[in-house]
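Below: the structure, in structure tokens.
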Amino acid sequence: MYDNDNIFAKIIKGQIPCKKVYEDEDVLFFEDINPVSKVHVLGIPKVKCVNFSEFIENNDKEIVANFFQKINLVVEKLGIKESGYRVISNSGNDGGQEVPHFHVHILGGERIGPKINS
Ligand code: 5GP
């Protein structure tokens, strides 16, 4: 069940501020409040979805494909396409997900260690 009051829902609605990196009508990318690498950006689709599987299963291919294309656009915008980066999505308890709105972490700007997960 999607929680309309989760932190990222509030960020989408503008009720909580964030440092925006890219936004359009379907997606929002913003800096993580507690970065674990020099570049640490979060990306979210604006549709209501709790985790990765829900996003994939409950949305049209166009919406899913658009989100992943926007990740690539943001990677280019951040200037880390050539140096390298890591895209992570934590899902559920074992995945260590804290915020129940599907999101990806884009990590880069330095060498990312083998076990970093957000
Ligand atoms: P998860 O563990 O769910 O994959 O990651 C949630 C991420 O959201 C964490 O890296 C955390 O630092 C970030 N986060 C939590 N609250 C806020 C907030 O209010 N603003 C921003 N920009 N990031 C947040």
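Ordering of the structure tokens sets the chain letters (A, B, ...), residue numbers begin anew at 1 in every chain, and ligands are numbered from 1 in the order given.
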- [ ] From a DSSP calculation on the backbone, collect every residue of stretch 8-42 of chain A in helix (DSSP H, G or I) and output the set as an MDAnalysis selection string.
- [x] chainID A and resid 8:12
- [ ] Might you pull out every residue within 8 Å of A:Leu42, with only C-alpha atoms counted and same-chain residues fewer than 2 positions away left off, and present them as an MDAnalysis selection string?
- [x] chainID A and resid 29:32 40 44 103:106
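In this structure, atom 4 (O, counted along the ligand's line) of ligand 1 sits 22.0 Å away from atom CA of A:Glu76.
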Open item on the list: Which residues are near ligand 1 - at most 12 Å, using only C-alpha atoms and all ligand atoms? Format: as a VMD selection string.
Closed with: chain A and resid 6 to 12 14 to 21 28 to 37 39 to 44 50 to 52 87 to 107 116 to 118
Open item on the list: Please return, as a list of chain:residue names, all residues of stretch 5-117 of chain A that DSSP assigns to strand (DSSP E) on the basis of the backbone.
Closed with: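 The strand (DSSP E) subset of stretch 5-117 of chain A is A:Lys20, A:Val21, A:Tyr22, A:Glu23, A:Val27, A:Leu28, A:Phe29, A:Phe30, A:Glu31, A:Val39, A:His40, A:Val41, A:Leu42, A:Gly43, A:Ile44, A:Pro45, A:Tyr85, A:Arg86, A:Val87, A:Ile88, A:Val104, A:His105, A:Ile106, A:Leu107, A:Gly108.
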- [ ] Find the spatial neighbours of A:Val27, counting only C-alpha atoms, within a cut-off of 10 Å - ignore same-chain residues fewer than 3 positions away - and output them as a list in words.
- [x]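 The contact residues come out as Ile12, Tyr22, Glu23, Asp24, Gly43, Ile44, Pro45, Lys46, Val47, Ile63, Asn66, Phe67, Lys70 and Ile71 of chain A.
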Task: atom CA of A:Leu78 to atom CA of A:Gly108, distance in Å rounded to a single decimal - done: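 Straight-line distance from atom CA of A:Leu78 to atom CA of A:Gly108 works out to 9.1 Å.
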- [ ] May I ask which of the residues A:Gly109, A:Met1, A:Lys48, A:Asp26 is the closest one to A:Ser83, counting only C-alpha atoms?
- [x]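 Using only C-alpha atoms, A:Ser83 sits closest to A:Gly109.
Rounded to one decimal, atom CA of A:Ala65 and atom CA of A:Lys13 lie 23.2 Å from each other.
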Task: Option closest in space to A:Ile112, from A:Asp5, A:Glu62, A:Gly84, A:Leu73 [counting only C-alpha atoms] - done: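 Once distances to A:Ile112 are computed over only C-alpha atoms, the minimum belongs to A:Gly84.
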